[in-house]
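Data first, discussion second: the structure below is written as structure tokens.
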Amino acid sequence: MSLFWRIFSLNAFGLVLAAALLLGPVTVSTPVLPAEALVVVAGLAALLAGNAVVLRVGLAPLRRLGSAMTTADLLRPGARAVVAGPAEAAELITTYNTMLDRLESERTAGAARALSAQERERRRIARELHDEVGQTLTAVLLQLKRVADRAPDELHEEVTQAQEATRAGLDEIRRIARRLRPGVLEELGLASAVRSLAAEFTTRGLTVRHHVPGDLPPLTEEAELVVYRVAQEGLTNTARHAGADRAEISLAKVADGVELLVRDNGKGLGTAPEGAGIRGMRERALLVGAQLTLRPGPEDGTDVRLRIPLAAGVRR
């Protein structure tokens, strides 16, 4: 029964009962006797209590809907309001859930287009850095070497410093190009790319261990790229913000797919809101139907887990 008819029926019953009593043998004296006043007050209280119960029960689904709307997050799909209550409330909740389905689908499609364009732009920039800037710096190094061979002794140290600065800049350009375009992923596969990430982020203050078994099921190209980018962003956050001295990156075969784990022993997530890096990881996970979770690690650090189900990212 709809909320309208519930309230109308209750009020109609109360009014009909009151009219029947007034038209019947029940009368009200002047002045009103205590017993008569008690009957009137009891009837009014019963009518108000009935209205309160009907409204409380009828509006409860709307309160649950409001709570679901305030906590909805398109980066954490799947949560839906429970369809219950009167016909109007149930129809409203169903409409909201349908709208959420459409928004999640449109956001996923939009994110896929944006991230695809981002990857293309990364490849273009990496290619220009490698082919143009890298070659220019290589030519400068060769010219500096010829200058160093003919330079007088008093200028030899300065030319050598210029050579070292140019060589360091060239190495930095190549490192940035590798991060923008994971050539090792395209050429050698995901396992080698994960090992390369561990080596790249291992510095004097941070040791990154890796564990990549050889019996992993083959992933699609899109899923491999998602795994690589999430691992890269996880290690970047560890190196920049965690204050950790040890980290671990691993791939494992689980019952329902493949799981990536990036773990550190840093200061943990804290109470800070999620930044653009984490939201970017969540958007990438949605592209392949994967589940991304961030939780405290066993050593007060952070565990970043990406689980790719068999139905989404594994080649058959």
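Identifiers in the structure tokens: chain A, B, ... in order shown; residue index from 1 per chain; ligand index from 1 in order shown.
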For segment 66-160 of chain A versus segment 212-229 of chain A, which residues have an atom no more than 12 Å away, and what is each residue's nearest atom pair and distance in Å rounded to one decimal, using only C-alpha atoms, chain-then-number order, as CSV?
residue,atom,partner,partner_atom,distance
A:Ala112,CA,A:Glu222,CA,10.4
A:Leu115,CA,A:Val226,CA,10.3
A:Ser116,CA,A:Glu222,CA,9.9
A:Glu119,CA,A:Leu225,CA,9.7
Contact residues around Asn237 of chain A with only C-alpha atoms at 10 Å, ignoring same-chain residues under 6 positions, as number ranges by chain: A: 231, 243, 277-278
Restrict the selected residues to C-alpha atoms and save them as a PDB file, in the first residue's frame.
ATOM      1  CA  ALA A 231      52.520  -0.765  -8.977  1.00  0.00           C
ATOM      2  CA  GLY A 243      59.020   7.508   5.038  1.00  0.00           C
ATOM      3  CA  GLY A 277      47.399   9.345  -7.217  1.00  0.00           C
ATOM      4  CA  ILE A 278      45.140   6.969  -5.299  1.00  0.00           C
TER       5      ILE A 278
END
Picked from segment 120-273 of chain A by DSSP as strand (DSSP E), as a PyMOL selection string: chain A and resi 207-211+246-254+257-264
Spatial neighbours of Arg113 of chain A, 12 Å, only C-alpha atoms, chain gap at least 5 places, as an MDAnalysis selection string: chainID A and resid 106:108 118:120 283:284 287
With all heavy atoms retained, export the selected residues as a PDB file, in the first residue's frame.
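Output (result.pdb):
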ATOM      1  N   GLU A 106      28.883   5.380 -17.389  1.00  0.00           N
ATOM      2  CA  GLU A 106      29.389   6.523 -18.139  1.00  0.00           C
ATOM      3  C   GLU A 106      30.742   6.978 -17.606  1.00  0.00           C
ATOM      4  O   GLU A 106      31.621   7.356 -18.386  1.00  0.00           O
ATOM      5  CB  GLU A 106      28.376   7.665 -18.072  1.00  0.00           C
ATOM      6  CG  GLU A 106      27.082   7.381 -18.831  1.00  0.00           C
ATOM      7  CD  GLU A 106      26.066   8.499 -18.670  1.00  0.00           C
ATOM      8  OE1 GLU A 106      26.339   9.428 -17.880  1.00  0.00           O
ATOM      9  OE2 GLU A 106      24.996   8.434 -19.319  1.00  0.00           O
ATOM     10  N   ARG A 107      30.922   6.942 -16.288  1.00  0.00           N
ATOM     11  CA  ARG A 107      32.211   7.348 -15.718  1.00  0.00           C
ATOM     12  C   ARG A 107      33.314   6.376 -16.137  1.00  0.00           C
ATOM     13  O   ARG A 107      34.424   6.793 -16.475  1.00  0.00           O
ATOM     14  CB  ARG A 107      32.128   7.425 -14.208  1.00  0.00           C
ATOM     15  CG  ARG A 107      33.447   7.864 -13.571  1.00  0.00           C
ATOM     16  CD  ARG A 107      33.390   7.922 -12.068  1.00  0.00           C
ATOM     17  NE  ARG A 107      34.678   8.290 -11.515  1.00  0.00           N
ATOM     18  CZ  ARG A 107      35.091   9.544 -11.335  1.00  0.00           C
ATOM     19  NH1 ARG A 107      34.289  10.537 -11.657  1.00  0.00           N
ATOM     20  NH2 ARG A 107      36.284   9.801 -10.833  1.00  0.00           N
ATOM     21  N   THR A 108      32.999   5.081 -16.111  1.00  0.00           N
ATOM     22  CA  THR A 108      34.003   4.097 -16.517  1.00  0.00           C
ATOM     23  C   THR A 108      34.394   4.295 -17.974  1.00  0.00           C
ATOM     24  O   THR A 108      35.583   4.257 -18.325  1.00  0.00           O
ATOM     25  CB  THR A 108      33.455   2.679 -16.301  1.00  0.00           C
ATOM     26  OG1 THR A 108      33.150   2.494 -14.913  1.00  0.00           O
ATOM     27  CG2 THR A 108      34.480   1.641 -16.716  1.00  0.00           C
ATOM     28  N   GLN A 118      45.653   9.647 -22.287  1.00  0.00           N
ATOM     29  CA  GLN A 118      46.823   9.940 -21.467  1.00  0.00           C
ATOM     30  C   GLN A 118      47.991   9.031 -21.821  1.00  0.00           C
ATOM     31  O   GLN A 118      49.134   9.489 -21.918  1.00  0.00           O
ATOM     32  CB  GLN A 118      46.456   9.775 -19.994  1.00  0.00           C
ATOM     33  CG  GLN A 118      47.575  10.138 -19.031  1.00  0.00           C
ATOM     34  CD  GLN A 118      47.192   9.828 -17.598  1.00  0.00           C
ATOM     35  OE1 GLN A 118      47.250   8.676 -17.165  1.00  0.00           O
ATOM     36  NE2 GLN A 118      46.795  10.848 -16.855  1.00  0.00           N
ATOM     37  N   GLU A 119      47.707   7.744 -22.032  1.00  0.00           N
ATOM     38  CA  GLU A 119      48.782   6.818 -22.399  1.00  0.00           C
ATOM     39  C   GLU A 119      49.363   7.179 -23.762  1.00  0.00           C
ATOM     40  O   GLU A 119      50.585   7.103 -23.965  1.00  0.00           O
ATOM     41  CB  GLU A 119      48.259   5.387 -22.404  1.00  0.00           C
ATOM     42  CG  GLU A 119      47.965   4.823 -21.023  1.00  0.00           C
ATOM     43  CD  GLU A 119      49.212   4.722 -20.156  1.00  0.00           C
ATOM     44  OE1 GLU A 119      50.330   4.595 -20.715  1.00  0.00           O
ATOM     45  OE2 GLU A 119      49.076   4.791 -18.924  1.00  0.00           O
ATOM     46  N   ARG A 120      48.510   7.567 -24.702  1.00  0.00           N
ATOM     47  CA  ARG A 120      49.028   7.978 -26.016  1.00  0.00           C
ATOM     48  C   ARG A 120      49.911   9.205 -25.896  1.00  0.00           C
ATOM     49  O   ARG A 120      50.965   9.296 -26.541  1.00  0.00           O
ATOM     50  CB  ARG A 120      47.865   8.251 -26.976  1.00  0.00           C
ATOM     51  CG  ARG A 120      47.096   7.022 -27.414  1.00  0.00           C
ATOM     52  CD  ARG A 120      46.228   7.323 -28.626  1.00  0.00           C
ATOM     53  NE  ARG A 120      45.252   8.360 -28.334  1.00  0.00           N
ATOM     54  CZ  ARG A 120      44.030   8.116 -27.860  1.00  0.00           C
ATOM     55  NH1 ARG A 120      43.645   6.873 -27.615  1.00  0.00           N
ATOM     56  NH2 ARG A 120      43.181   9.107 -27.639  1.00  0.00           N
ATOM     57  N   GLU A 283      40.563   4.540 -10.587  1.00  0.00           N
ATOM     58  CA  GLU A 283      39.978   4.653 -11.925  1.00  0.00           C
ATOM     59  C   GLU A 283      40.565   3.601 -12.861  1.00  0.00           C
ATOM     60  O   GLU A 283      39.837   3.001 -13.665  1.00  0.00           O
ATOM     61  CB  GLU A 283      40.213   6.057 -12.479  1.00  0.00           C
ATOM     62  CG  GLU A 283      39.381   7.136 -11.795  1.00  0.00           C
ATOM     63  CD  GLU A 283      39.596   8.499 -12.407  1.00  0.00           C
ATOM     64  OE1 GLU A 283      40.544   8.636 -13.212  1.00  0.00           O
ATOM     65  OE2 GLU A 283      38.831   9.431 -12.085  1.00  0.00           O
ATOM     66  N   ARG A 284      41.855   3.368 -12.773  1.00  0.00           N
ATOM     67  CA  ARG A 284      42.471   2.342 -13.614  1.00  0.00           C
ATOM     68  C   ARG A 284      41.937   0.960 -13.266  1.00  0.00           C
ATOM     69  O   ARG A 284      41.707   0.123 -14.153  1.00  0.00           O
ATOM     70  CB  ARG A 284      43.991   2.376 -13.472  1.00  0.00           C
ATOM     71  CG  ARG A 284      44.636   3.601 -14.102  1.00  0.00           C
ATOM     72  CD  ARG A 284      46.151   3.524 -14.022  1.00  0.00           C
ATOM     73  NE  ARG A 284      46.767   4.701 -14.611  1.00  0.00           N
ATOM     74  CZ  ARG A 284      46.983   4.864 -15.914  1.00  0.00           C
ATOM     75  NH1 ARG A 284      46.643   3.895 -16.753  1.00  0.00           N
ATOM     76  NH2 ARG A 284      47.550   5.957 -16.376  1.00  0.00           N
ATOM     77  N   LEU A 287      38.733   0.052 -14.936  1.00  0.00           N
ATOM     78  CA  LEU A 287      38.764  -0.220 -16.372  1.00  0.00           C
ATOM     79  C   LEU A 287      38.781  -1.714 -16.671  1.00  0.00           C
ATOM     80  O   LEU A 287      38.278  -2.142 -17.713  1.00  0.00           O
ATOM     81  CB  LEU A 287      40.001   0.441 -17.002  1.00  0.00           C
ATOM     82  CG  LEU A 287      40.067   1.965 -16.934  1.00  0.00           C
ATOM     83  CD1 LEU A 287      41.313   2.462 -17.633  1.00  0.00           C
ATOM     84  CD2 LEU A 287      38.829   2.592 -17.553  1.00  0.00           C
TER      85      LEU A 287
END
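Distance check against Leu170 of chain A using only C-alpha atoms: of A:Arg123, A:Arg146, A:Arg209, A:His130, the minimum falls on A:His130.
Our summary of the geometry notes that atom CA of Leu62 of chain A is positioned 12.7 Å from atom CA of Thr95 of chain A.
Across A:Leu59, A:Ala109, A:Leu269, A:Leu310, the tightest approach to Ala89 of chain A is made by A:Leu59 when counting only C-alpha atoms.
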DSSP alpha helix (DSSP H) residues within segment 144-253 of chain A, as a PyMOL selection string: chain A and resi 144-150+153-180+183-188+190-201+221-237
What are the nearest atom pairs, with distances in Å to one decimal, for all residues of segment 233-267 of chain A that come at most 10 Å from segment 186-194 of chain A, using only C-alpha atoms, set out by chain and rising residue number as JSON lines?
{"residue": "A:Ile249", "atom": "CA", "partner": "A:Val194", "partner_atom": "CA", "distance": 7.7}
{"residue": "A:Ser250", "atom": "CA", "partner": "A:Val194", "partner_atom": "CA", "distance": 8.1}
{"residue": "A:Leu251", "atom": "CA", "partner": "A:Ala191", "partner_atom": "CA", "distance": 8.4}
Output file for the selection above: all heavy atoms, as a CSV table (one decimal), in the first residue's frame:
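Saved as result_7.csv:
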chain,number,residue,atom,x,y,z
A,249,ILE,N,57.1,-5.7,-3.5
A,249,ILE,CA,56.1,-5.8,-4.6
A,249,ILE,C,56.0,-7.2,-5.0
A,249,ILE,O,57.1,-7.9,-5.2
A,249,ILE,CB,56.5,-4.8,-5.7
A,249,ILE,CG1,55.5,-4.9,-6.8
A,249,ILE,CG2,57.9,-5.1,-6.2
A,249,ILE,CD1,55.7,-3.8,-7.9
A,250,SER,N,54.8,-7.7,-5.2
A,250,SER,CA,54.7,-9.1,-5.5
A,250,SER,C,53.4,-9.3,-6.4
A,250,SER,O,52.5,-8.5,-6.3
A,250,SER,CB,54.6,-10.0,-4.3
A,250,SER,OG,53.4,-9.7,-3.6
A,251,LEU,N,53.5,-10.3,-7.2
A,251,LEU,CA,52.3,-10.8,-8.0
A,251,LEU,C,52.1,-12.2,-7.6
A,251,LEU,O,53.0,-13.0,-7.4
A,251,LEU,CB,52.6,-10.7,-9.5
A,251,LEU,CG,52.6,-9.4,-10.2
A,251,LEU,CD1,53.1,-9.5,-11.6
A,251,LEU,CD2,51.2,-8.8,-10.1
Residues near segment 175-178 of chain A, cut-off 10 Å, only C-alpha atoms, skip fewer than 2 positions along chain, as a PyMOL selection string: chain A and resi 122-130+134+169-173+180-184+200
Next, write the just-selected residues to a file, as an mmCIF file, in the first residue's frame, keeping C-alpha atoms as the atom set.
data_model
loop_
_atom_site.group_PDB
_atom_site.id
_atom_site.type_symbol
_atom_site.label_atom_id
_atom_site.label_comp_id
_atom_site.auth_asym_id
_atom_site.auth_seq_id
_atom_site.Cartn_x
_atom_site.Cartn_y
_atom_site.Cartn_z
ATOM 1 C CA ARG A 122 52.800 9.676 -22.547
ATOM 2 C CA ARG A 123 54.134 7.636 -25.462
ATOM 3 C CA ARG A 124 54.420 10.722 -27.639
ATOM 4 C CA ILE A 125 56.291 12.704 -24.979
ATOM 5 C CA ALA A 126 58.555 9.751 -24.174
ATOM 6 C CA ARG A 127 59.356 9.296 -27.852
ATOM 7 C CA GLU A 128 60.182 12.981 -28.259
ATOM 8 C CA LEU A 129 62.331 12.977 -25.136
ATOM 9 C CA HIS A 130 64.211 9.907 -26.321
ATOM 10 C CA GLY A 134 68.155 12.489 -25.865
ATOM 11 C CA GLY A 169 70.765 15.151 -17.555
ATOM 12 C CA LEU A 170 70.744 12.510 -20.281
ATOM 13 C CA ASP A 171 70.295 9.747 -17.704
ATOM 14 C CA GLU A 172 67.421 11.685 -16.113
ATOM 15 C CA ILE A 173 65.763 12.162 -19.503
ATOM 16 C CA LEU A 180 56.270 7.658 -19.261
ATOM 17 C CA ARG A 181 56.389 4.717 -21.652
ATOM 18 C CA PRO A 182 57.060 1.322 -20.073
ATOM 19 C CA GLY A 183 59.069 -0.151 -22.917
ATOM 20 C CA VAL A 184 60.137 -3.086 -20.780
ATOM 21 C CA GLU A 200 64.396 1.417 -10.190
#
